[in-house]
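Here is the structure we will look at, set down as structure tokens.
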Amino acid sequence: MVVSISDLNKDNAAALQVGRFTVYKESVSPYNGYTDDPRLGSTYHQHSSTVNVLNQPFTTEPQSNELVMVPLENRSSPTQESPSPHPVLYLNARQHHRRPSIYSTLDQVPHYAFYANTAAPGKLKKSRPSLNVLRYAIDESERVPPGGSEGSFPQETPDKPSDEEANVGNKPKSQPVRFGWVKGVMIRCMLNIWGVILYLRLPWITAQAGIGLTWVIILLSSLVTAITGLSISAISTNGKVKAGGTYFLISRSLGPELGGSIGLIFAFANAVAVAMHTVGFSETVRDLIIEYSGGPIVDPINDIRIIGVITVVVLLGVCVAGMEWESKAQILFFIVILISFVNYFVGTVIPATEEKQSKGFFNYKADLFLSNMVPGWRGEDGSFFGMFSIFFPSATGILAGANISGDLKDPAVAIPRGTLMAIFWTTVSYLAISATIGSCMVRDASASLNDTLLSNETAGCEGQACSYGWNFTECYRAGDCSQGLLNNYQTLSMVSGFGPLVTAGIFSATLSSALACLVSAPKVFQCLCRDNLYPLIGVFGKGYGKNNEPMWGYVLTFFIAVAFILIAELNVIAPIISNFFLCSYALINFSCFHASITNSPGWRPSFRYYSRWTALFGAIISLVIMFLLNWWAALIALGIVVFLLGYVTYKKPDINWGSSMQAGTYNLALSYSVSLTGVEDHVKNFRPQCLILTGPPNFRPALVDFVGTFTKNIGLMICGNIIMGEGKNVQQEERTSAEVKWLNKRKIRSFYTSLSGDNLRDGAKNLMQATGLGKLKPNTLFMGFKGNWQEDLPRNMDDYIGTIHDAFDMNYGVCLLRLAEGLDISTKVEAHVNPAFENHEATETEKKEDSTETIEDMCSSHLVDEQASSIFQGKQGKKAIDVYWIYDDGGLTLLIPYLLTRKKRWRQCRVRVFIIGHQDTVEEERKEMLSLLSQFRLDFHDVIVIIDSEQAPLSENVKRFEDSIASYRLNDGLRDEATVQELRKDCPWMISDREMEQLKQKSERKIRLNEIIQEYSTEAALILVSLPVANKDSCPSGLYMAWLDALSHNLKCPTLLIRGNQQSVLTFYCQ
């Protein structure tokens, strides 16, 4: 539609309404939307082209007499100044030059903005046109499309600010710090790997395990970390990575259950790692104090505690100062470490002085290399796995870069490249240092210059040093050697060319690793807290400053670190965290394997150099190593994971991350459903699979609760909602979501489906035909009893009875539940939702756009949290379940009460079976029924034979029955069949006099049976009565409805009219 000036000048109007747009003659803010719509006119196109030029001011000054169109919801008075909206700007986006579509002027070409979750801060989010817009907005602009308001257009909706999603825009005053792959990942990982173990324990481990096994330990650790690095690379390149590091990657891959538990464990392990590296630093400082001052400050243990606490306080201050300062400190540490390495390797080739020789250093010796190739186990930790447990934490720094994923420029590129490079270079450095130190030093030395050999006599001398002119036999035998690889943790400093440089390297390695862990733990924990998976930890999710620093997380990590620093023993702390890190690595590898094995189309990592089987191997070997290191610590770690997993599984947080667990569940369901189609039905495997016509489930909670009781973990349950009237064409996604949430909160295991239909019968028939998948399809139809059949329109009653006939036609069983107070509580629900008060603040536009929202929509959305109680939610006590098995329907009438008695609420109820019999054969019929029940293996022992069912009913009950159908009588006076058919041509539910006379006896039997039920079952918890099957050609729906009413009339307890499909559902055979 094109609007001209003449349209406004006809009535001297200042504005003209066009759909949801208002056309003004005066200057207002133009609409920044889909500018190629021909209905907006050429003038509007001209303005649109001027406002979308990149980096140009947004002009709103039209020429005189020009038309400007604005959305209705953004309309303002022509005399008021409107703030100029700014266009959404994206880097390299051709927003200012819209590419044409060959299909439609409203169709949009592919664009990044349509797939981003959020827009730039303060901007509006672009969205592609909906199907309704494409189908209705061009040719049917004056028509209101289904599910939308008049003239609906795709809108740019404001979204929450997100720094990660904004590519270009107005530069904020304070930009967060972002790192590349070298500075943000590789250097950070290398510093975290080059920690306290490298300088203070690797020479000792080499002496214990020998060079050969030390290499095995290093390579095995590197194998685990390399496989984990490949897995983390694959996961991190499968979508946009945000803050949260390891927790974010695992939780978004495996789901909140495993992700939450491993997030807590990994954050705790990093907090303990702060203590480990700080204790290593404190050991070095203590040794320097003892060396230069002649003694400790207090004693060796307390000195470590004092120095450690002071160190953590300083590191905490660096972290609080911000990521930029922390990054600068890491670069400085990295340079110092590299200098210390060079200094060490230079020291190994400098000829050893006599003092260094007395401490066991003899430069490179081939025989010394061979001697140190084999193990020399000593002490309690003298075993392969003892050494592995101490060394492995040094390899755990591979996730240091991933843990700050929110501070990386491009995590998908930085994490794989930086992590794998760090693993490679650190592995090379570990192997080189282990081989060189083992080739230069002996295991034991006394540091005494008097232990030299005279005239090269080696008699009585023990050890490799004898061949180099030194005799350390005395201290070796006494076990009090103070130097050598096995006795001095500071051997690297002694060997180096300039000792203080190695000491500086120790300081840098330990402090950088402690600093990295001190940063990682709070950031991982912060992301976990923000997801609200666990209670009472929300305060730690709050961020401060431009980098959203987790200040409270730093404080918590500080206290955990101080607690473990008080242990003051590095060899005790290291094994504690080994199992936690291994557990994390096992889950990371399993995440990669599981995401690959589910074949989800959403698993598309750009990093290709991984394999699902190597990931599985990495997960298995991590678990095996956990138990080999320390089986009880492994059980504790796994126990914590299982406990936290169980908690999140029980709580079922309302989040959806598209995890591989969801994909795996879909695969399993699909696989089993397909395989089930090849399984033939057998009576032993019969399960009641129920389709329940509930409408919105929260309208009939009693019906939902009753069926949910006996189908839970047993059979299929589907709640069906037939949408009729004006709302049948409205999109149902939001309504369906609300109903499913209501069912889940009520702990009902049921599917929900809605289907539109012209009437009840039409919709129910479509539901019965279409609902289900393969063998997972309903076989029993549940409905509420139509208690208002006399007041409602006769056609509605006819549809109700027709639905029963259709169910029988489709081989369904049919169950009708009746409560004295009724099932439908929709009137009570509507009382909670009064549109006149709920939307009193809505604008004219909002009211117009929401005009298609029905009472069902409002009730569903408001009552997800409100759960109406029903009679079936409480315990039924020791009441009776009375089964009036009047006709054999295949056994469904007996199976339902049996399934009920297996449930806790109904377990104490006893089942009484009523059958019709003759006075002369009462005992025989009773015994025959007991025998049948026994062969069915049903624990029903009360059988009552009804012998007076042939008696005439009371006259007042007959009178009530006749009055109930008076309005459905033709009163034709026994005319011929052709005349009767003509009279009820448009009213097939009407009852002729001939039909009344022919079916009089059947009607009286229904009335009499109701009298018997009222006599025997006034205190029952539930009554089940065989549903009569009427001949639909000879019994009008009005009469059939009256029979159902007569059977269940005036019964105070819940009544179920039930009929199977005449096929056996019970058997006493074993095959």
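Here's how to read the names in the structure tokens: chain A, B, ... by the order shown, residue numbers from 1 in each chain, ligand numbers from 1 in the order shown.
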- request: Might you pull out every residue within 8 Å of Asp972 of chain A, with only C-alpha atoms counted and same-chain residues fewer than 4 positions away left off, and present them as a list in words?
  value: Val980, Ser992 and Asp993 of chain A
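Computed from the coordinates, the atom CA of Thr901 of chain A to atom CA of Leu817 of chain A distance equals 18.0 Å.
Between Lys1052 of chain A and the residues A:Glu1015, A:Glu821, A:Glu995, A:Glu291, the shortest atom-to-atom distance, using only C-alpha atoms, involves A:Glu821.
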- request: Write out as a list in words the residues lying within 10 Å of Gly379 of chain A, counting only C-alpha atoms and excluding same-chain residues fewer than 3 positions away.
  value: Gln208, Gly382 and Ser383 of chain A
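Taking only C-alpha atoms into account, Leu220 of chain A lies nearest to A:Phe384 out of the set A:Phe580, A:Tyr468, A:Phe782, A:Phe384.
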- line: re atom CA of Ala1020 of chain A and atom CA of Leu954 of chain A: distance 23.1 Å
- prompt: Neighbours of Pro351 of chain A within 10 Å (only C-alpha atoms; same-chain residues fewer than 4 positions away dropped), as a PyMOL selection string?
  reply: chain A and resi 347+356-357+361-364+497
task: Counting only C-alpha atoms, figure out which residue out of A:Leu894, A:Cys987, A:Leu316, A:Ala273 gets nearest to Ile573 of chain A.
output: A:Ala273
message: as a PyMOL selection string, please: every residue in segment 260-472 of chain A that DSSP puts in helix (DSSP H, G or I).
response: chain A and resi 260-293+300-321+323-349+354-358+366-371+384-399+402-407+411-440+464-468
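One finds atom CA of Glu549 of chain A at 24.3 Å from atom CA of Ile565 of chain A.
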Within 7 Å of Tyr199 of chain A using only C-alpha atoms, minus same-chain residues under 2 positions, as a list in words: Val196, Ile197, Arg201, Leu202, Leu492 and Ile506 of chain A
Put those residues in a file: all heavy atoms, as a CSV table (one decimal), in the first residue's frame.
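Saved the output as selection12.csv:
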chain,number,residue,atom,x,y,z
A,196,VAL,N,55.3,-25.5,40.8
A,196,VAL,CA,56.2,-25.9,41.9
A,196,VAL,C,56.8,-27.2,41.7
A,196,VAL,O,58.0,-27.5,42.1
A,196,VAL,CB,55.4,-25.8,43.2
A,196,VAL,CG1,54.2,-26.8,43.1
A,196,VAL,CG2,56.3,-26.2,44.4
A,197,ILE,N,56.1,-28.1,41.0
A,197,ILE,CA,56.6,-29.5,40.8
A,197,ILE,C,57.9,-29.5,39.9
A,197,ILE,O,58.8,-30.2,40.1
A,197,ILE,CB,55.5,-30.4,40.2
A,197,ILE,CG1,54.3,-30.4,41.0
A,197,ILE,CG2,56.0,-31.8,40.0
A,197,ILE,CD1,54.5,-31.0,42.4
A,201,ARG,N,60.2,-30.7,42.7
A,201,ARG,CA,60.0,-32.1,42.8
A,201,ARG,C,60.4,-32.9,41.6
A,201,ARG,O,60.6,-34.1,41.8
A,201,ARG,CB,58.5,-32.3,43.1
A,201,ARG,CG,58.0,-31.9,44.4
A,201,ARG,CD,58.7,-32.6,45.6
A,201,ARG,NE,58.2,-32.2,46.9
A,201,ARG,CZ,58.6,-31.2,47.6
A,201,ARG,NH1,59.6,-30.4,47.1
A,201,ARG,NH2,58.1,-30.9,48.7
A,202,LEU,N,60.6,-32.3,40.5
A,202,LEU,CA,61.0,-33.2,39.3
A,202,LEU,C,62.3,-33.8,39.5
A,202,LEU,O,62.5,-35.0,39.2
A,202,LEU,CB,61.0,-32.3,38.0
A,202,LEU,CG,61.3,-33.0,36.7
A,202,LEU,CD1,60.3,-34.2,36.5
A,202,LEU,CD2,61.3,-32.1,35.5
A,492,LEU,N,68.1,-27.9,41.3
A,492,LEU,CA,68.2,-27.1,40.1
A,492,LEU,C,68.9,-25.8,40.3
A,492,LEU,O,69.6,-25.3,39.5
A,492,LEU,CB,66.8,-26.8,39.5
A,492,LEU,CG,66.0,-28.0,38.9
A,492,LEU,CD1,64.7,-27.6,38.3
A,492,LEU,CD2,66.9,-28.8,37.9
A,506,ILE,N,61.8,-20.2,40.3
A,506,ILE,CA,60.9,-20.9,41.2
A,506,ILE,C,59.8,-19.9,41.7
A,506,ILE,O,58.6,-20.3,41.7
A,506,ILE,CB,61.7,-21.4,42.4
A,506,ILE,CG1,62.7,-22.5,41.9
A,506,ILE,CG2,60.8,-22.0,43.5
A,506,ILE,CD1,63.6,-23.0,43.0
message: At a cut-off of 10 Å, using only C-alpha atoms, what residues contact Ile825 of chain A? Leave out same-chain residues fewer than 3 positions from it and give the result as JSON, numbers by chain.
response: {"A": [698, 699, 700, 701, 702, 821, 822, 828, 829, 830, 868]}
Just write the chosen residues, C-alpha atoms, as a PDB file, in the first residue's frame.
ATOM      1  CA  ASN A 698      -4.897 -27.557  34.723  1.00  0.00           C
ATOM      2  CA  PHE A 699      -8.644 -27.282  33.998  1.00  0.00           C
ATOM      3  CA  ARG A 700      -9.213 -30.926  35.012  1.00  0.00           C
ATOM      4  CA  PRO A 701      -6.512 -31.783  37.567  1.00  0.00           C
ATOM      5  CA  ALA A 702      -8.472 -34.676  39.098  1.00  0.00           C
ATOM      6  CA  GLU A 821     -18.473 -32.052  42.320  1.00  0.00           C
ATOM      7  CA  GLY A 822     -17.448 -32.283  38.666  1.00  0.00           C
ATOM      8  CA  LYS A 828     -12.314 -21.226  39.377  1.00  0.00           C
ATOM      9  CA  VAL A 829      -9.186 -20.768  37.313  1.00  0.00           C
ATOM     10  CA  GLU A 830     -10.694 -17.870  35.400  1.00  0.00           C
ATOM     11  CA  ALA A 868      -5.076 -27.075  42.470  1.00  0.00           C
TER      12      ALA A 868
END
Give me the residues near Asp888 of chain A as a tab-separated table (two decimals) with N, CA and C atoms, in the first residue's frame, where near means some atom within 12 Å (using only C-alpha atoms) and where sequence neighbours in that chain fewer than 4 positions away do not count.
chain	number	residue	atom	x	y	z
A	884	TYR	N	-17.68	-53.31	39.59
A	884	TYR	CA	-18.91	-53.93	39.10
A	884	TYR	C	-18.62	-54.45	37.69
A	892	LEU	N	-9.85	-55.24	31.22
A	892	LEU	CA	-9.40	-53.88	31.56
A	892	LEU	C	-10.06	-53.39	32.84
A	893	THR	N	-11.30	-53.82	33.08
A	893	THR	CA	-12.01	-53.40	34.29
A	893	THR	C	-11.32	-53.90	35.55
A	894	LEU	N	-10.60	-55.02	35.47
A	894	LEU	CA	-9.85	-55.55	36.61
A	894	LEU	C	-8.42	-55.03	36.64
A	915	ILE	N	-20.42	-59.21	40.73
A	915	ILE	CA	-20.86	-59.85	39.48
A	915	ILE	C	-22.35	-60.13	39.56
A	916	ILE	N	-22.97	-60.27	38.41
A	916	ILE	CA	-24.39	-60.59	38.34
A	916	ILE	C	-24.56	-62.10	38.37
A	929	MET	N	-15.56	-67.24	40.05
A	929	MET	CA	-14.90	-65.95	39.90
A	929	MET	C	-13.62	-65.90	40.72
A	1025	VAL	N	-17.55	-49.33	37.03
A	1025	VAL	CA	-18.74	-49.96	36.50
A	1025	VAL	C	-18.54	-50.20	35.02
A	1026	SER	N	-18.93	-51.40	34.57
A	1026	SER	CA	-18.82	-51.70	33.14
A	1026	SER	C	-19.64	-50.71	32.33
A	1027	LEU	N	-19.02	-50.11	31.35
A	1027	LEU	CA	-19.70	-49.14	30.48
A	1027	LEU	C	-20.54	-49.91	29.46
A	1028	PRO	N	-21.84	-49.63	29.39
A	1028	PRO	CA	-22.68	-50.31	28.40
A	1028	PRO	C	-22.31	-49.88	26.99
A	1029	VAL	N	-22.37	-50.82	26.07
A	1029	VAL	CA	-22.12	-50.53	24.66
A	1029	VAL	C	-23.46	-50.55	23.94
A	1058	ILE	N	-16.18	-47.89	32.63
A	1058	ILE	CA	-15.01	-48.43	31.92
A	1058	ILE	C	-15.41	-49.58	31.01
A	1059	ARG	N	-14.80	-49.58	29.85
A	1059	ARG	CA	-15.05	-50.66	28.90
A	1059	ARG	C	-13.80	-50.88	28.06
A	1060	GLY	N	-13.30	-52.10	28.06
A	1060	GLY	CA	-12.18	-52.44	27.20
A	1060	GLY	C	-12.65	-52.62	25.76
A	1061	ASN	N	-11.73	-53.00	24.89
A	1061	ASN	CA	-12.09	-53.18	23.48
A	1061	ASN	C	-12.42	-54.62	23.14
A	1062	GLN	N	-12.80	-55.38	24.18
A	1062	GLN	CA	-13.23	-56.78	24.03
A	1062	GLN	C	-12.08	-57.70	23.62
A	1063	GLN	N	-10.84	-57.26	23.80
A	1063	GLN	CA	-9.68	-58.11	23.58
A	1063	GLN	C	-8.98	-58.33	24.92
A	1064	SER	N	-8.47	-59.53	25.13
A	1064	SER	CA	-7.92	-59.90	26.43
A	1064	SER	C	-6.70	-59.05	26.77
A	1065	VAL	N	-6.70	-58.53	27.99
A	1065	VAL	CA	-5.54	-57.83	28.52
A	1065	VAL	C	-4.99	-58.56	29.75
A	1066	LEU	N	-5.63	-59.63	30.14
A	1066	LEU	CA	-5.18	-60.49	31.24
A	1066	LEU	C	-5.07	-61.91	30.72
